[in-house]
Amino acid sequence: MESPPAGPGDASAHHGLGRACQELGDPEAAVAHHREALRLDPGLRAARQDLTACLLHLGRTEECVDLWHTCDPLDPADLDWLDRQSWLALLDHDLPVAGEYARIHAAVRLGSAWYPRTSPPPRTAAGRDSRLTIAKLHHDIQQFRYLQRRAVLGEEFTGVISAYRETISRLEAAGEYGPAPMDALTRRAIGHVYGRIVHVRDTPRLPRALSDAWDPAEVQDHYLDRQPGVVVIDDFLSADALASLRDFCLESTVWHGNRYAHGRLGAFFRDGFTCPLLLQIAEEVRDALPRVIGRRHPLRQLWAFKNENDFPADSNTHADFAAVNLNFWITPTDANLDTGSGGLVVYGVDAPRDWDFATYNGRREVIEPYLRQQHAEPFRIPYRENRAILFDSDLFHGTDGLHFRPGFTNRRVNITMLYGERADDDGHGRHAPTTAGAGDGRLSGAWRSPALTRHRGGRA
């Protein structure tokens, strides 16, 4: 269509014409008008937002990152808008668009001189959200060395590694094991790197992400028809998907969450933990399990945790806000030094309906007495590479004790996908606390895939 004329110096008029072109299905013309509006008035936030939506529709996502990186100053409301667009796309089951908005959000908020390579360094204050922990500093040194060996990072990171070591020495001398605020000296030394993204591995979709070794219909039958709603699936991903996803987690410098005990690090969807393959897995799970997830329970959160090589049992028992929880593991099995442990502990007891999120998700001093009161017995699922556990998010659960081999590539990585909302789950409250456990410490209603039965020597 032919774009209507606008006054040469009227930013609002160009923005209005851009919106009209969007509504009429002409995104190219809309882009031209929105760009002119921003040229005339760089602070016209609505034009930047509409231009972002048009560029995403056209598949020109790199231009979106540039657009937001050159925004000066960047208002917190801009980041909130990007975050909200991602959330709305998740609710609409449009996972590719949700992933692009999340990627832009992460690049703008946490980008560096190295990432994204097509954009100038971010204008946000260096390390503004960062808190120092010795555990994260050690992890990052290991990851930088790993990326140097793979020729992903260059020699300039040798100096960064030295600065990290000096920072560790200062913190240890002061007894500051973290989380500690980043002072001016540390900000000058590592603020351009610490808590920032310097590399994200390109991890595209594959012809097929899920393995054909398990039967979705059987998984659904056991999840829905047997209490307490726990299904263990071995050989969860295809071999290609598992290898590619493992490389993504090893190479991508997105492990920013360091507020957790025992050196545990988190990577989150809105902070860079996203790639087309991860979202493909989430889509295939949704479509493979229409009776459990389907269109009713959209993907609400996606994250991963990486542990130190040792982690005490019973350290993070909690329940989640979602309807359905999918948790799967990707570190090689031979990294686990205790083959009977290292996985997940699930209790056949729901978080009470009247508890708020902060209580059922993290208050151990309330959770543990409640579990004792309910005579809850743990169902321990040992660690295996490429094992997934599908379970009702209402159930209390936590990481089992870990004893893994030393080394960066041996750190245990678990990935979690949360679908739906707790309040929308018809299964809530179906688990009877007084009959949650069997006498042998296993949940009698939990189903194991045939592969898991083989791993455990034929025990059902």
# chains A, B, ... in the order shown; residues from 1 in each chain; ligands from 1

$ residues_around --residues "segment 340-346 of chain A" --least-positions-apart "4" --cutoff "7 Å" --atoms "only C-alpha atoms" --output "list in words"
Asn336, Pro378, Phe379, Arg380, Ile381, Pro382, Tyr383, Leu395, Phe396, His397, Gly398, Thr399, Asp400, Gly401, Leu402 and His403 of chain A

$ select_by_dssp --residues "segment 182-313 of chain A" --states "strand (DSSP E)" --output "list in words"
Val230, Val231, Val232, Ile233, Leu265, Gly266, Ala267, Phe268, Leu299, Arg300, Gln301, Leu302, Trp303, Ala304, Phe305, Lys306, Asp310 and Phe311 of chain A

$ write_last_selection --atoms "N, CA and C atoms" --output "tab-separated table (two decimals), in the first residue's frame"
chain	number	residue	atom	x	y	z
A	230	VAL	N	3.47	-38.43	39.56
A	230	VAL	CA	4.91	-38.37	39.33
A	230	VAL	C	5.25	-39.42	38.27
A	231	VAL	N	5.89	-38.98	37.20
A	231	VAL	CA	6.29	-39.89	36.12
A	231	VAL	C	7.76	-39.65	35.80
A	232	VAL	N	8.54	-40.72	35.75
A	232	VAL	CA	9.96	-40.64	35.42
A	232	VAL	C	10.15	-41.13	33.99
A	233	ILE	N	10.82	-40.33	33.19
A	233	ILE	CA	11.00	-40.64	31.76
A	233	ILE	C	12.49	-40.68	31.46
A	265	LEU	N	24.05	-21.93	41.15
A	265	LEU	CA	23.85	-20.82	40.22
A	265	LEU	C	22.61	-21.07	39.38
A	266	GLY	N	21.86	-20.00	39.11
A	266	GLY	CA	20.68	-20.11	38.29
A	266	GLY	C	20.83	-19.37	36.97
A	267	ALA	N	20.14	-19.86	35.96
A	267	ALA	CA	20.05	-19.19	34.65
A	267	ALA	C	18.58	-19.10	34.30
A	268	PHE	N	18.11	-17.90	33.92
A	268	PHE	CA	16.68	-17.65	33.79
A	268	PHE	C	16.33	-17.12	32.41
A	299	LEU	N	3.38	-22.49	28.87
A	299	LEU	CA	4.68	-22.39	29.53
A	299	LEU	C	4.75	-21.06	30.26
A	300	ARG	N	5.07	-21.11	31.55
A	300	ARG	CA	5.12	-19.89	32.34
A	300	ARG	C	6.53	-19.50	32.76
A	301	GLN	N	7.39	-20.49	32.92
A	301	GLN	CA	8.77	-20.19	33.31
A	301	GLN	C	9.70	-21.26	32.76
A	302	LEU	N	10.93	-20.83	32.56
A	302	LEU	CA	11.98	-21.71	32.05
A	302	LEU	C	13.27	-21.29	32.72
A	303	TRP	N	13.93	-22.25	33.37
A	303	TRP	CA	15.19	-21.92	34.03
A	303	TRP	C	16.06	-23.16	34.14
A	304	ALA	N	17.29	-22.95	34.59
A	304	ALA	CA	18.21	-24.05	34.86
A	304	ALA	C	19.01	-23.72	36.10
A	305	PHE	N	19.47	-24.76	36.78
A	305	PHE	CA	20.37	-24.59	37.91
A	305	PHE	C	21.61	-25.43	37.69
A	306	LYS	N	22.72	-24.86	38.10
A	306	LYS	CA	24.01	-25.55	38.03
A	306	LYS	C	24.59	-25.59	39.44
A	310	ASP	N	29.42	-30.80	45.09
A	310	ASP	CA	28.81	-31.41	46.27
A	310	ASP	C	27.69	-30.51	46.77
A	311	PHE	N	26.60	-31.13	47.19
A	311	PHE	CA	25.43	-30.38	47.63
A	311	PHE	C	24.72	-31.23	48.68

$ atom_distance --atom1 "atom CA of Ala77 of chain A" --atom2 "atom CA of Leu110 of chain A"
15.9 Å

$ select_by_dssp --residues "segment 51-233 of chain A" --states "helix (DSSP H, G or I)" --output "PyMOL selection string"
chain A and resi 51-57+61-69+76-91+95-110+134-149+156-174+184-190+216-225

$ residues_around --residues "Phe248 of chain A" --least-positions-apart "5" --cutoff "9 Å" --atoms "only C-alpha atoms" --output "MDAnalysis selection string"
chainID A and resid 200:203 243 275

$ write_last_selection --atoms "N, CA and C atoms" --output "CSV table (one decimal), in the first residue's frame"
chain,number,residue,atom,x,y,z
A,200,VAL,N,26.6,-16.3,24.0
A,200,VAL,CA,25.5,-17.2,24.0
A,200,VAL,C,25.7,-18.1,22.7
A,201,ARG,N,25.7,-19.4,23.0
A,201,ARG,CA,25.9,-20.3,21.8
A,201,ARG,C,24.7,-20.4,20.9
A,202,ASP,N,24.9,-20.3,19.6
A,202,ASP,CA,23.8,-20.5,18.7
A,202,ASP,C,23.3,-21.9,18.7
A,203,THR,N,22.1,-22.1,19.1
A,203,THR,CA,21.5,-23.4,19.3
A,203,THR,C,20.2,-23.5,18.6
A,243,ALA,N,23.0,-33.4,23.1
A,243,ALA,CA,24.3,-32.9,22.9
A,243,ALA,C,24.3,-31.4,22.6
A,275,CYS,N,16.9,-20.2,23.9
A,275,CYS,CA,17.4,-20.5,22.5
A,275,CYS,C,16.3,-21.3,21.8

$ closest_residue --among "A:Glu385, A:Asp314, A:Asp350, A:Glu218" --to "Phe236 of chain A" --atoms "only C-alpha atoms"
A:Glu385

$ residues_around --residues "Arg60 of chain A" --least-positions-apart "2" --cutoff "12 Å" --atoms "only C-alpha atoms" --output "PyMOL selection string"
chain A and resi 27-28+31+51-58+62-67+97+100+104

$ residues_around --residues "Arg39 of chain A" --least-positions-apart "2" --cutoff "12 Å" --atoms "only C-alpha atoms" --output "PyMOL selection string"
chain A and resi 8-12+14-15+32-37+41-44+47-48+67+70-71

$ atom_distance --atom1 "atom CA of Asp356 of chain A" --atom2 "atom CA of Phe391 of chain A"
20.2 Å

$ closest_residue --among "A:Leu74, A:Ala261, A:Leu337, A:Leu289" --to "Pro312 of chain A" --atoms "only C-alpha atoms"
A:Ala261

$ atom_distance --atom1 "atom CA of Phe408 of chain A" --atom2 "atom CA of Leu245 of chain A"
15.9 Å

$ decode --residues "segment 147-185 of chain A" --atoms "N, CA and C atoms" --output "CSV table (one decimal), in the first residue's frame"
chain,number,residue,atom,x,y,z
A,147,LEU,N,35.9,-21.7,27.4
A,147,LEU,CA,35.6,-21.0,26.1
A,147,LEU,C,36.9,-20.6,25.4
A,148,GLN,N,37.9,-20.3,26.1
A,148,GLN,CA,39.2,-20.1,25.5
A,148,GLN,C,39.7,-21.4,24.8
A,149,ARG,N,39.6,-22.5,25.5
A,149,ARG,CA,40.1,-23.8,24.9
A,149,ARG,C,39.3,-24.1,23.6
A,150,ARG,N,38.0,-23.6,23.6
A,150,ARG,CA,37.2,-23.9,22.4
A,150,ARG,C,37.3,-22.8,21.4
A,151,ALA,N,38.2,-21.8,21.6
A,151,ALA,CA,38.5,-20.7,20.7
A,151,ALA,C,37.2,-19.8,20.5
A,152,VAL,N,36.4,-19.8,21.5
A,152,VAL,CA,35.2,-18.9,21.5
A,152,VAL,C,35.6,-17.5,22.1
A,153,LEU,N,36.4,-17.5,23.1
A,153,LEU,CA,36.9,-16.3,23.7
A,153,LEU,C,38.4,-16.2,23.4
A,154,GLY,N,38.9,-14.9,23.3
A,154,GLY,CA,40.3,-14.7,22.9
A,154,GLY,C,41.2,-14.5,24.1
A,155,GLU,N,42.4,-14.1,23.8
A,155,GLU,CA,43.5,-13.9,24.8
A,155,GLU,C,43.1,-12.8,25.8
A,156,GLU,N,42.3,-11.8,25.4
A,156,GLU,CA,41.9,-10.7,26.3
A,156,GLU,C,41.3,-11.2,27.6
A,157,PHE,N,40.7,-12.4,27.5
A,157,PHE,CA,40.1,-12.9,28.8
A,157,PHE,C,41.1,-13.5,29.7
A,158,THR,N,42.4,-13.7,29.3
A,158,THR,CA,43.4,-14.1,30.3
A,158,THR,C,43.5,-13.0,31.3
A,159,GLY,N,43.5,-11.7,30.9
A,159,GLY,CA,43.5,-10.6,31.9
A,159,GLY,C,42.3,-10.5,32.7
A,160,VAL,N,41.1,-10.9,32.1
A,160,VAL,CA,39.9,-10.9,32.9
A,160,VAL,C,40.0,-12.0,34.0
A,161,ILE,N,40.5,-13.1,33.7
A,161,ILE,CA,40.7,-14.2,34.6
A,161,ILE,C,41.6,-13.8,35.8
A,162,SER,N,42.7,-13.1,35.4
A,162,SER,CA,43.6,-12.6,36.5
A,162,SER,C,42.9,-11.6,37.4
A,163,ALA,N,42.0,-10.7,36.8
A,163,ALA,CA,41.3,-9.8,37.7
A,163,ALA,C,40.3,-10.5,38.5
A,164,TYR,N,39.7,-11.6,38.0
A,164,TYR,CA,38.8,-12.4,38.9
A,164,TYR,C,39.5,-13.0,40.0
A,165,ARG,N,40.7,-13.5,39.8
A,165,ARG,CA,41.5,-14.1,40.9
A,165,ARG,C,41.8,-13.1,41.9
A,166,GLU,N,42.2,-11.9,41.5
A,166,GLU,CA,42.6,-10.9,42.5
A,166,GLU,C,41.3,-10.5,43.3
A,167,THR,N,40.2,-10.5,42.6
A,167,THR,CA,38.9,-10.2,43.4
A,167,THR,C,38.6,-11.3,44.4
A,168,ILE,N,38.8,-12.5,44.0
A,168,ILE,CA,38.6,-13.6,45.0
A,168,ILE,C,39.6,-13.5,46.2
A,169,SER,N,40.8,-13.1,45.9
A,169,SER,CA,41.8,-13.0,47.0
A,169,SER,C,41.4,-11.8,48.0
A,170,ARG,N,40.9,-10.7,47.4
A,170,ARG,CA,40.4,-9.6,48.2
A,170,ARG,C,39.2,-10.0,49.1
A,171,LEU,N,38.3,-10.7,48.5
A,171,LEU,CA,37.1,-11.1,49.2
A,171,LEU,C,37.5,-12.1,50.3
A,172,GLU,N,38.3,-13.1,50.0
A,172,GLU,CA,38.7,-14.1,51.0
A,172,GLU,C,39.5,-13.4,52.2
A,173,ALA,N,40.3,-12.4,51.9
A,173,ALA,CA,41.1,-11.7,52.9
A,173,ALA,C,40.1,-10.9,53.8
A,174,ALA,N,39.0,-10.4,53.2
A,174,ALA,CA,38.1,-9.7,54.0
A,174,ALA,C,37.0,-10.6,54.7
A,175,GLY,N,37.0,-11.9,54.4
A,175,GLY,CA,36.0,-12.8,54.9
A,175,GLY,C,34.6,-12.6,54.2
A,176,GLU,N,34.6,-12.0,53.0
A,176,GLU,CA,33.4,-11.7,52.3
A,176,GLU,C,33.1,-12.9,51.3
A,177,TYR,N,32.4,-13.9,51.7
A,177,TYR,CA,32.1,-15.0,50.8
A,177,TYR,C,30.9,-14.7,50.0
A,178,GLY,N,30.1,-13.7,50.3
A,178,GLY,CA,29.0,-13.3,49.5
A,178,GLY,C,27.7,-13.8,50.0
A,179,PRO,N,26.7,-13.2,49.4
A,179,PRO,CA,26.7,-12.1,48.4
A,179,PRO,C,27.2,-10.8,49.0
A,180,ALA,N,28.1,-10.1,48.3
A,180,ALA,CA,28.6,-8.9,48.7
A,180,ALA,C,28.4,-7.8,47.6
A,181,PRO,N,28.2,-6.6,48.0
A,181,PRO,CA,28.1,-5.5,46.9
A,181,PRO,C,29.4,-5.3,46.2
A,182,MET,N,29.2,-4.9,44.9
A,182,MET,CA,30.4,-4.6,44.1
A,182,MET,C,30.9,-3.2,44.4
A,183,ASP,N,32.1,-3.1,45.0
A,183,ASP,CA,32.6,-1.7,45.3
A,183,ASP,C,33.2,-1.1,44.1
A,184,ALA,N,33.7,0.1,44.2
A,184,ALA,CA,34.2,0.9,43.0
A,184,ALA,C,35.4,0.2,42.4
A,185,LEU,N,36.3,-0.3,43.3
A,185,LEU,CA,37.5,-1.0,42.8
A,185,LEU,C,37.2,-2.2,42.0
